[in-house]
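For reference, my_file_5.cif (mmCIF, C-alpha atoms):
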data_coords
#
loop_
_atom_site.label_atom_id
_atom_site.label_comp_id
_atom_site.auth_asym_id
_atom_site.auth_seq_id
_atom_site.Cartn_x
_atom_site.Cartn_y
_atom_site.Cartn_z
CA MET A 30 -31.23 -5.11 8.30
CA LYS A 31 -32.02 -8.81 7.82
CA ILE A 32 -34.99 -9.16 5.48
CA GLY A 33 -37.56 -11.96 5.42
CA TYR A 34 -40.34 -12.23 2.85
CA ILE A 35 -43.78 -13.58 3.77
CA PHE A 36 -46.45 -14.48 1.22
CA PRO A 37 -50.23 -14.53 1.84
CA GLY A 38 -52.72 -17.29 1.15
CA GLN A 39 -56.42 -17.34 0.32
CA GLY A 40 -58.85 -14.86 1.79
CA THR A 41 -56.99 -11.66 0.88
CA GLN A 42 -58.02 -11.55 -2.79
CA VAL A 43 -59.84 -8.57 -4.33
CA ILE A 44 -60.68 -7.81 -7.94
CA GLY A 45 -58.05 -5.51 -9.47
CA MET A 46 -55.35 -6.44 -6.95
CA GLY A 47 -51.92 -5.45 -8.21
CA LYS A 48 -53.23 -3.86 -11.40
CA ASP A 49 -51.43 -0.54 -10.83
CA ILE A 50 -48.14 -2.44 -10.35
CA TYR A 51 -48.76 -4.40 -13.55
CA GLU A 52 -49.44 -1.20 -15.48
CA LYS A 53 -46.37 0.65 -14.17
CA TYR A 54 -43.67 -2.05 -14.06
CA GLU A 55 -42.46 -3.93 -17.14
CA GLU A 56 -41.05 -6.71 -14.91
CA ALA A 57 -44.56 -7.44 -13.62
CA LYS A 58 -45.96 -7.59 -17.16
CA GLN A 59 -43.23 -10.07 -18.14
CA VAL A 60 -44.03 -12.35 -15.19
CA TYR A 61 -47.73 -12.40 -16.06
CA LYS A 62 -46.79 -13.11 -19.69
CA LYS A 63 -44.68 -16.11 -18.59
CA ILE A 64 -47.53 -17.45 -16.46
CA ASP A 65 -50.13 -16.88 -19.20
CA GLU A 66 -47.99 -18.80 -21.68
CA ALA A 67 -47.29 -21.62 -19.21
CA LEU A 68 -51.01 -22.05 -18.47
CA ASN A 69 -52.41 -20.97 -21.84
CA GLU A 70 -54.71 -18.61 -19.93
CA ASN A 71 -55.11 -14.90 -19.22
CA ILE A 72 -54.48 -14.41 -15.50
CA GLU A 73 -54.69 -10.60 -15.83
CA GLU A 74 -58.27 -10.91 -17.08
CA LEU A 75 -59.10 -13.31 -14.25
CA THR A 76 -57.61 -10.95 -11.64
CA TYR A 77 -58.76 -7.58 -12.98
CA ASP A 78 -61.94 -8.11 -15.00
CA LYS A 79 -63.97 -10.98 -13.54
CA THR A 80 -66.47 -10.75 -10.67
CA GLN A 81 -65.40 -11.06 -7.03
CA GLU A 82 -67.47 -14.25 -6.86
CA GLU A 83 -65.44 -15.81 -9.69
CA LEU A 84 -62.14 -14.72 -8.14
CA ASN A 85 -63.21 -16.20 -4.79
CA GLN A 86 -63.38 -19.69 -6.28
CA THR A 87 -60.41 -21.59 -4.86
CA LYS A 88 -59.19 -22.67 -8.30
CA ASN A 89 -58.97 -18.98 -9.33
CA THR A 90 -57.93 -17.41 -6.02
CA GLN A 91 -54.73 -19.39 -5.66
CA ILE A 92 -53.25 -18.70 -9.10
CA ALA A 93 -54.27 -15.01 -8.96
CA ILE A 94 -52.55 -14.42 -5.61
CA TYR A 95 -49.47 -16.44 -6.62
CA SER A 96 -49.14 -14.45 -9.87
CA MET A 97 -49.35 -11.11 -8.08
CA SER A 98 -46.82 -12.19 -5.43
CA VAL A 99 -44.19 -13.45 -7.88
CA ALA A 100 -44.65 -10.39 -10.14
CA ILE A 101 -43.80 -8.11 -7.18
CA LEU A 102 -40.94 -10.44 -6.28
CA GLU A 103 -39.39 -9.92 -9.71
CA ILE A 104 -39.40 -6.13 -9.20
CA LEU A 105 -37.66 -6.54 -5.83
CA ASN A 106 -35.11 -8.93 -7.37
CA ASN A 107 -34.31 -6.42 -10.11
CA ALA A 108 -33.89 -3.71 -7.46
CA GLY A 109 -31.18 -5.86 -5.88
CA ILE A 110 -33.05 -6.57 -2.64
CA LYS A 111 -32.07 -9.96 -1.23
CA PRO A 112 -34.08 -11.66 1.51
CA LYS A 113 -32.39 -13.98 4.01
CA ALA A 114 -35.45 -16.25 4.41
CA ALA A 115 -39.03 -16.70 3.19
CA ALA A 116 -42.29 -18.23 4.34
CA GLY A 117 -45.88 -18.27 3.15
CA LEU A 118 -49.30 -19.04 4.57
CA SER A 119 -50.69 -22.20 2.92
CA LEU A 120 -50.72 -21.28 -0.81
CA GLY A 121 -48.04 -18.68 0.02
CA GLU A 122 -45.50 -21.47 0.59
CA TYR A 123 -45.37 -21.95 -3.20
CA SER A 124 -44.52 -18.25 -3.66
CA ALA A 125 -41.81 -18.66 -0.99
CA LEU A 126 -40.37 -21.68 -2.83
CA ALA A 127 -40.35 -19.68 -6.09
CA CYS A 128 -38.59 -16.87 -4.21
CA ALA A 129 -35.92 -19.38 -3.09
CA LYS A 130 -35.51 -20.71 -6.68
CA ALA A 131 -36.69 -24.15 -5.52
CA LEU A 132 -39.10 -24.11 -8.46
CA SER A 133 -39.47 -21.88 -11.49
CA ILE A 134 -42.19 -19.24 -11.75
CA GLU A 135 -43.81 -21.27 -14.53
CA ASP A 136 -43.72 -24.60 -12.69
CA GLY A 137 -45.02 -22.85 -9.60
CA ALA A 138 -47.92 -21.43 -11.61
CA LYS A 139 -48.78 -24.83 -13.10
CA ILE A 140 -48.84 -26.64 -9.77
CA VAL A 141 -50.69 -23.81 -7.98
CA ARG A 142 -53.36 -23.86 -10.71
CA ILE A 143 -53.73 -27.63 -10.26
CA ARG A 144 -53.68 -27.38 -6.45
CA GLY A 145 -56.50 -24.81 -6.37
CA THR A 146 -58.60 -26.87 -8.77
CA LEU A 147 -58.09 -30.10 -6.80
CA MET A 148 -58.85 -28.43 -3.48
CA GLN A 149 -62.08 -27.07 -4.96
CA ASP A 150 -63.22 -30.08 -6.98
CA LEU A 151 -62.18 -32.88 -4.62
CA ALA A 152 -63.40 -31.31 -1.39
CA PRO A 153 -66.20 -33.52 -0.07
CA LYS A 154 -69.70 -32.21 -0.61
CA GLY A 155 -71.23 -30.50 2.38
CA ASP A 156 -71.88 -27.23 4.14
CA TRP A 157 -68.38 -26.19 5.26
CA ALA A 158 -67.22 -23.15 7.20
CA MET A 159 -64.10 -21.61 8.73
CA ALA A 160 -63.85 -19.25 11.69
CA ALA A 161 -61.12 -17.28 13.45
CA ILE A 162 -61.07 -17.65 17.22
CA ILE A 163 -59.59 -14.50 18.78
CA GLY A 164 -58.09 -14.09 22.24
CA LEU A 165 -57.83 -17.74 23.28
CA GLU A 166 -54.79 -19.98 23.82
CA ASP A 167 -54.15 -22.67 21.21
CA ASP A 168 -54.94 -25.56 23.55
CA LYS A 169 -58.24 -23.96 24.55
CA VAL A 170 -59.27 -23.69 20.88
CA GLU A 171 -58.45 -27.38 20.48
CA GLU A 172 -60.52 -28.06 23.61
CA ALA A 173 -63.46 -26.15 22.10
CA CYS A 174 -63.26 -28.31 18.95
CA ASN A 175 -63.08 -31.51 21.04
CA LYS A 176 -66.16 -30.47 23.03
CA VAL A 177 -68.34 -30.20 19.91
CA GLU A 178 -70.79 -33.07 20.28
CA LYS A 179 -71.92 -33.49 16.70
CA GLY A 180 -70.11 -32.91 13.42
CA PHE A 181 -66.54 -32.40 12.23
CA VAL A 182 -64.36 -29.43 13.26
CA ARG A 183 -60.59 -29.01 13.63
CA ALA A 184 -58.08 -26.28 14.49
CA VAL A 185 -56.30 -25.68 11.17
CA ASN A 186 -54.35 -22.38 11.18
CA TYR A 187 -52.19 -21.42 14.15
CA ASN A 188 -51.67 -17.85 12.96
CA CYS A 189 -50.31 -15.84 15.88
CA PRO A 190 -50.73 -15.44 19.64
CA GLY A 191 -54.46 -15.37 20.32
CA GLN A 192 -55.63 -16.33 16.84
CA VAL A 193 -56.42 -19.83 15.62
CA VAL A 194 -58.67 -20.67 12.67
CA VAL A 195 -61.01 -23.66 12.88
CA SER A 196 -62.54 -25.47 9.93
CA GLY A 197 -65.23 -28.09 9.42
CA GLU A 198 -68.93 -28.68 8.98
CA LYS A 199 -70.82 -25.42 9.40
CA GLU A 200 -72.96 -26.48 12.39
CA ALA A 201 -69.89 -27.89 14.16
CA VAL A 202 -67.90 -24.71 13.48
CA LEU A 203 -70.74 -22.55 14.83
CA GLN A 204 -70.88 -24.72 17.96
CA ALA A 205 -67.08 -24.51 18.39
CA MET A 206 -67.35 -20.72 18.13
CA GLU A 207 -69.87 -20.63 20.99
CA ILE A 208 -67.84 -23.02 23.17
CA ALA A 209 -64.70 -20.96 22.51
CA LYS A 210 -66.51 -17.84 23.76
CA GLU A 211 -67.56 -19.74 26.89
CA LEU A 212 -63.90 -20.69 27.40
CA GLY A 213 -62.91 -17.02 27.26
CA ALA A 214 -62.41 -16.14 23.58
CA ARG A 215 -62.72 -12.41 22.97
CA LYS A 216 -64.56 -13.06 19.71
CA ALA A 217 -65.15 -15.66 17.01
CA ILE A 218 -65.53 -14.55 13.40
CA GLU A 219 -66.80 -16.68 10.52
CA LEU A 220 -64.50 -16.26 7.50
CA LYS A 221 -65.18 -15.77 3.78
CA THR A 222 -63.21 -18.91 2.92
CA SER A 223 -65.12 -22.15 3.30
CA GLY A 224 -63.97 -25.71 2.89
CA PRO A 225 -62.34 -28.34 5.12
CA PHE A 226 -58.87 -27.05 4.17
CA HIS A 227 -55.89 -28.42 6.09
CA THR A 228 -57.88 -31.34 7.49
CA GLU A 229 -58.02 -35.04 6.66
CA LYS A 230 -61.23 -34.38 4.69
CA LEU A 231 -58.99 -33.31 1.77
CA LYS A 232 -57.21 -36.68 1.62
CA GLU A 233 -58.39 -37.33 -1.95
CA ALA A 234 -57.12 -33.92 -3.07
CA SER A 235 -53.83 -34.54 -1.25
CA GLU A 236 -53.27 -37.86 -3.03
CA ALA A 237 -54.13 -36.38 -6.44
CA LEU A 238 -51.81 -33.42 -5.75
CA ARG A 239 -48.96 -35.79 -4.81
CA LYS A 240 -49.14 -37.36 -8.29
CA GLU A 241 -48.96 -33.92 -9.92
CA LEU A 242 -46.12 -32.77 -7.64
CA GLU A 243 -44.08 -35.80 -8.74
CA LYS A 244 -43.95 -34.24 -12.23
CA VAL A 245 -42.46 -30.97 -10.92
CA GLN A 246 -38.73 -30.23 -11.11
CA PHE A 247 -37.72 -29.05 -7.63
CA SER A 248 -34.29 -27.61 -6.80
CA GLU A 249 -32.54 -26.96 -3.52
CA CYS A 250 -33.69 -23.75 -1.79
CA LYS A 251 -31.19 -20.90 -2.31
CA ILE A 252 -32.42 -19.25 0.91
CA PRO A 253 -34.20 -20.89 3.87
CA VAL A 254 -37.92 -21.47 3.31
CA ILE A 255 -39.92 -22.17 6.46
CA LYS A 256 -42.44 -25.00 6.18
CA ASN A 257 -46.08 -24.59 7.25
CA LEU A 258 -46.07 -28.21 8.35
CA ASP A 259 -43.82 -27.73 11.37
CA GLY A 260 -42.38 -24.20 11.27
CA THR A 261 -38.85 -25.37 10.44
CA PRO A 262 -36.73 -24.66 7.31
CA TYR A 263 -36.65 -27.11 4.40
CA THR A 264 -33.47 -29.18 4.50
CA LYS A 265 -31.47 -30.73 1.66
CA ASN A 266 -32.92 -34.14 2.46
CA ASP A 267 -36.56 -33.07 2.66
CA ASN A 268 -38.97 -34.63 0.18
CA LYS A 269 -40.82 -31.57 -1.13
CA VAL A 270 -43.43 -33.73 -2.89
CA GLU A 271 -44.43 -35.43 0.36
CA ILE A 272 -44.33 -32.21 2.37
CA LEU A 273 -46.50 -30.25 -0.07
CA ALA A 274 -48.96 -33.12 -0.52
CA ASN A 275 -49.32 -33.45 3.27
CA HIS A 276 -49.57 -29.66 3.52
CA VAL A 277 -53.25 -29.62 2.47
CA ILE A 278 -54.35 -32.15 5.12
CA ASN A 279 -52.34 -30.77 8.06
CA PRO A 280 -52.65 -27.59 10.15
CA VAL A 281 -50.66 -24.49 9.17
CA LYS A 282 -48.08 -23.57 11.83
CA PHE A 283 -47.60 -19.96 10.76
CA ARG A 284 -46.94 -18.58 14.23
CA LYS A 285 -44.08 -21.07 14.62
CA SER A 286 -42.80 -20.06 11.15
CA ILE A 287 -42.57 -16.40 12.22
CA GLU A 288 -40.86 -17.38 15.47
CA THR A 289 -38.32 -19.46 13.52
CA MET A 290 -37.54 -16.51 11.25
CA ILE A 291 -37.04 -14.26 14.29
CA GLU A 292 -34.67 -16.85 15.80
CA MET A 293 -32.74 -16.75 12.51
CA GLY A 294 -32.21 -13.02 13.04
CA ILE A 295 -34.86 -11.67 10.65
CA ASP A 296 -35.73 -8.16 11.85
CA THR A 297 -37.53 -6.82 8.75
CA PHE A 298 -40.59 -8.66 7.45
CA VAL A 299 -42.04 -7.78 4.03
CA GLU A 300 -45.47 -9.15 3.14
CA ILE A 301 -45.74 -9.56 -0.63
CA GLY A 302 -49.23 -9.82 -2.10
CA PRO A 303 -52.77 -8.60 -1.39
CA GLY A 304 -53.73 -7.43 2.10
CA LYS A 305 -51.87 -6.96 5.38
CA THR A 306 -53.07 -10.04 7.25
CA LEU A 307 -49.64 -11.60 7.76
CA SER A 308 -48.17 -8.26 8.83
CA GLY A 309 -50.70 -8.25 11.65
CA PHE A 310 -49.62 -11.76 12.70
CA VAL A 311 -45.95 -10.71 12.80
CA LYS A 312 -46.79 -7.66 14.92
CA LYS A 313 -48.66 -9.84 17.42
CA VAL A 314 -45.73 -12.25 17.71
CA ALA A 315 -43.37 -9.28 18.21
CA LYS A 316 -45.65 -7.84 20.89
CA GLU A 317 -45.78 -11.15 22.76
CA LYS A 318 -41.97 -11.44 22.62
CA ASN A 319 -41.59 -7.74 23.49
CA ILE A 320 -39.26 -7.09 20.55
CA GLU A 321 -39.10 -4.43 17.83
CA LEU A 322 -39.48 -5.56 14.21
CA ASN A 323 -39.82 -3.65 10.95
CA VAL A 324 -43.03 -4.83 9.29
CA LEU A 325 -43.77 -3.72 5.72
CA ASN A 326 -46.20 -4.83 3.05
CA ILE A 327 -46.49 -4.51 -0.72
CA GLU A 328 -49.90 -4.61 -2.39
CA ASN A 329 -49.91 -1.58 -4.72
CA VAL A 330 -47.54 0.96 -6.31
CA GLU A 331 -47.55 3.22 -3.25
CA THR A 332 -46.55 0.47 -0.81
CA LEU A 333 -44.06 -0.99 -3.31
CA GLU A 334 -42.26 2.32 -3.75
CA ASN A 335 -42.25 2.87 0.01
CA VAL A 336 -40.59 -0.53 0.55
CA LEU A 337 -38.07 0.08 -2.23
CA GLU A 338 -37.14 3.37 -0.59
CA VAL A 339 -36.78 1.81 2.88
CA LEU A 340 -34.87 -1.30 1.83
CA LYS A 341 -32.46 0.36 -0.60
CA LYS A 342 -31.13 2.77 2.06
#

Translate this file's structure into structure tokens.
Amino acid sequence: MKIGYIFPGQGTQVIGMGKDIYEKYEEAKQVYKKIDEALNENIEELTYDKTQEELNQTKNTQIAIYSMSVAILEILNNAGIKPKAAAGLSLGEYSALACAKALSIEDGAKIVRIRGTLMQDLAPKGDWAMAAIIGLEDDKVEEACNKVEKGFVRAVNYNCPGQVVVSGEKEAVLQAMEIAKELGARKAIELKTSGPFHTEKLKEASEALRKELEKVQFSECKIPVIKNLDGTPYTKNDNKVEILANHVINPVKFRKSIETMIEMGIDTFVEIGPGKTLSGFVKKVAKEKNIELNVLNIENVETLENVLEVLKK
């Protein structure tokens, strides 16, 4: 069994996520304590006691999901489970880098907190939207975006076969959705997340993030971490500051990241954090390639204990 960890990004958050794990496992409590002290905040209160609307704010969503993911990671580490590679969707790349010891849990928390705030505060004003285009080839989704006559829209998340997310001005996104259906898309769904994420519209946020990333102490990855930018592993010579700054203004190549992990021999994928979105992407890649993969997820005590049982055999 060759294990790969995958970490979710925004859009999967729910109030109370991971609370049962926090209450049952001392390791989880200790991770939250470290993060609280590093940020001088109470991330448990933010995650468990606030409103869904407050949690959905980008500045809060990112740190809450990161904290849950790395708390679960600590439990797996203590159980002696060792992944061979890691990847994450957008924000999840920071959890993957923490998993690979390329940055400490505390430094990861600090930069994720800053990243979420910058992406929220420095996004240009406007009526933004995101939508998932289902059942259409990547190039056809790009064609739909190019055919929009008025407004800004781009393909931003290449998630899995037959699913690409587009982002931009709301009217342009709605038009792209209709054109995509005309081109043969099975459906087009507007998403809860809104903002011109992973497009050039976040250039100001990207530049501000670069300055903050320069203050972070990065180490070499102890296991391969697959980059969103191009779906390849970080190398010794990669400039993590540049890559992560460019990350917020470039599309997420998550499908390619999964394919790279499969090529590396990963046969067991474990999604660590709220939801099962990434697990679905892995299953679609496996189906297209006609291969069998073990796909597991951890988002509560029940799923955690199931994974511990399966992986410790």

| Residues at most 12 Å from Val330 in chain A, counting all atoms listed in the file, excluding those fewer than 3 positions away in the same chain, as a ChimeraX atom specification? | /A:46-54,57,101,104,302-303,326-327,333-337

Env of range 206-216 of chain A: 9 Å cut, atoms = only C-alpha atoms, seq-sep filter 2 positions within chain, self excluded. Answer as a VMD selection string.
chain A and resid 160 to 166 169 to 170 172 to 174 176 to 177 191 195 201 to 204 218 to 219

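From CA of Ala114 in chain A back to CA of Asn319 in chain A, the distance works out to 21.8 Å.
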
**OP:** With the file shown as input, list the residues that the PyMOL selection byres ((chain A and resi 310) around 9) selects, as a list in words.
**Re:** Asn188, Cys189, Pro190, Gln192, Phe283, Arg284, Ile287, Thr306, Leu307, Ser308, Gly309, Val311, Lys312, Lys313, Val314 and Ala315 of chain A

Margin query: To test your reading of the syntax: which residues would the PyMOL selection byres ((chain A and resi 320-323) around 7) return for the file shown? Reply as a PyMOL selection string.
Written below: chain A and resi 296-298+315-316+318-319+324-325

Need the neighbours of (-54.9, -16.7, 4.1): which residues are at most 6 Å away, counting all atoms listed in the file, as a ChimeraX atom specification? /A:37-40

Sort by chain and increasing residue number a table of all residues of range 113-179 of chain A within 7 Å of range 75-93 of chain A, each with its closest pair of atoms and their distance in Å to one decimal, counting all atoms listed in the file, and write it as a tab-separated table.
residue	atom	partner	partner_atom	distance
A:Leu120	CA	A:Gln91	CA	6.6
A:Ala138	CA	A:Ile92	CA	6.5
A:Val141	CA	A:Ile92	CA	5.8
A:Arg142	CA	A:Ile92	CA	5.4
A:Gly145	CA	A:Lys88	CA	3.9
A:Thr146	CA	A:Lys88	CA	4.3
A:Gln149	CA	A:Thr87	CA	5.7

Item to complete: Please measure the separation of CA of Lys139 in chain A and CA of Leu126 in chain A, giving the value in Å to one decimal.
Response: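 Between CA of Lys139 in chain A and CA of Leu126 in chain A the gap works out to 13.6 Å.
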
inquiry  = Give me the residues near Lys199 in chain A as a PyMOL selection string, where near means some atom within 10 Å (using all atoms listed in the file) and where sequence neighbours in that chain fewer than 2 positions away do not count.
reply    = chain A and resi 155-160+180-182+196-197+201-205+219+223-225

### Query
With only C-alpha atoms as the atoms that count, which of A:Asn71, A:Ala234, A:Ala129, A:Gly33 lies nearest to Glu288 in chain A?
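Between A:Asn71, A:Ala234, A:Ala129, A:Gly33, the residue approaching Glu288 in chain A most closely is A:Gly33.
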
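Between CA of Ile255 in chain A and CA of Leu118 in chain A the interatomic distance comes to 10.1 Å.
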
Neighbours of Glu103 in chain A within 9 Å (all atoms listed in the file; same-chain residues fewer than 2 positions away dropped), as a JSON list (two decimals) with C-alpha atoms, in the coordinates of the input?
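Saved as result_25.json:
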[["chain", "number", "residue", "atom", "x", "y", "z"],
["A", 56, "GLU", "CA", -41.05, -6.71, -14.91],
["A", 57, "ALA", "CA", -44.56, -7.44, -13.62],
["A", 60, "VAL", "CA", -44.03, -12.35, -15.19],
["A", 98, "SER", "CA", -46.82, -12.19, -5.43],
["A", 99, "VAL", "CA", -44.19, -13.45, -7.88],
["A", 100, "ALA", "CA", -44.65, -10.39, -10.14],
["A", 101, "ILE", "CA", -43.80, -8.11, -7.18],
["A", 105, "LEU", "CA", -37.66, -6.54, -5.83],
["A", 106, "ASN", "CA", -35.11, -8.93, -7.37],
["A", 107, "ASN", "CA", -34.31, -6.42, -10.11],
["A", 108, "ALA", "CA", -33.89, -3.71, -7.46],
["A", 128, "CYS", "CA", -38.59, -16.87, -4.21]]

### Task
Measuring atom to atom with only C-alpha atoms, identify which of A:Glu249, A:Glu178, A:Glu271, A:Glu122 is nearest to Glu236 in chain A.
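Nearest to Glu236 in chain A: A:Glu271.
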
I would like the residues chosen by the PyMOL selection byres ((chain A and resi 125) around 8) on the shown file; could you give them as a VMD selection string? chain A and resid 34 to 36 115 to 117 121 to 124 126 to 129 254

TODO: Would you list the contacts of Lys232 in chain A as number ranges by chain, taking every protein, DNA or RNA residue within 12 Å and counting all atoms listed in the file, but skipping same-chain residues closer than 3 positions in sequence?
DONE: A: 147-148, 151-153, 225-229, 235-239, 274-279

Please produce a file of the residues just selected, as a compact mmCIF listing (two decimals), in the coordinates of the input, where the atoms kept are C-alpha atoms.
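So again-v2.txt came out as:
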# COMPACT_ATOMS: atom_id res chain seq x y z
CA LEU A 147 -58.09 -30.10 -6.80
CA MET A 148 -58.85 -28.43 -3.48
CA LEU A 151 -62.18 -32.88 -4.62
CA ALA A 152 -63.40 -31.31 -1.39
CA PRO A 153 -66.20 -33.52 -0.07
CA PRO A 225 -62.34 -28.34 5.12
CA PHE A 226 -58.87 -27.05 4.17
CA HIS A 227 -55.89 -28.42 6.09
CA THR A 228 -57.88 -31.34 7.49
CA GLU A 229 -58.02 -35.04 6.66
CA SER A 235 -53.83 -34.54 -1.25
CA GLU A 236 -53.27 -37.86 -3.03
CA ALA A 237 -54.13 -36.38 -6.44
CA LEU A 238 -51.81 -33.42 -5.75
CA ARG A 239 -48.96 -35.79 -4.81
CA ALA A 274 -48.96 -33.12 -0.52
CA ASN A 275 -49.32 -33.45 3.27
CA HIS A 276 -49.57 -29.66 3.52
CA VAL A 277 -53.25 -29.62 2.47
CA ILE A 278 -54.35 -32.15 5.12
CA ASN A 279 -52.34 -30.77 8.06

Protein and nucleic acid residues near (-39.0, -26.1, -11.2) (cut-off 7 Å, all atoms listed in the file) as a list in words:
Ala131, Leu132, Ser133, Asp136, Val245, Gln246, Phe247 and Ser248 of chain A

If you take every atom of range 312-316 of chain A that the file lists and fit an axis-aligned box around them with 8 Å extra on each side, what centre and edge lengths come out in Å to one decimal, as AutoDock Vina command-line options?
--center_x -46.0 --center_y -10.0 --center_z 17.9 --size_x 21.3 --size_y 20.6 --size_z 22.0

Taking only C-alpha atoms into account, which of A:Asn186, A:Glu241, A:Asp150, A:Ile44 comes nearest Val270 in chain A?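 Comparing A:Asn186, A:Glu241, A:Asp150, A:Ile44 against Val270 in chain A, the winner is A:Glu241.
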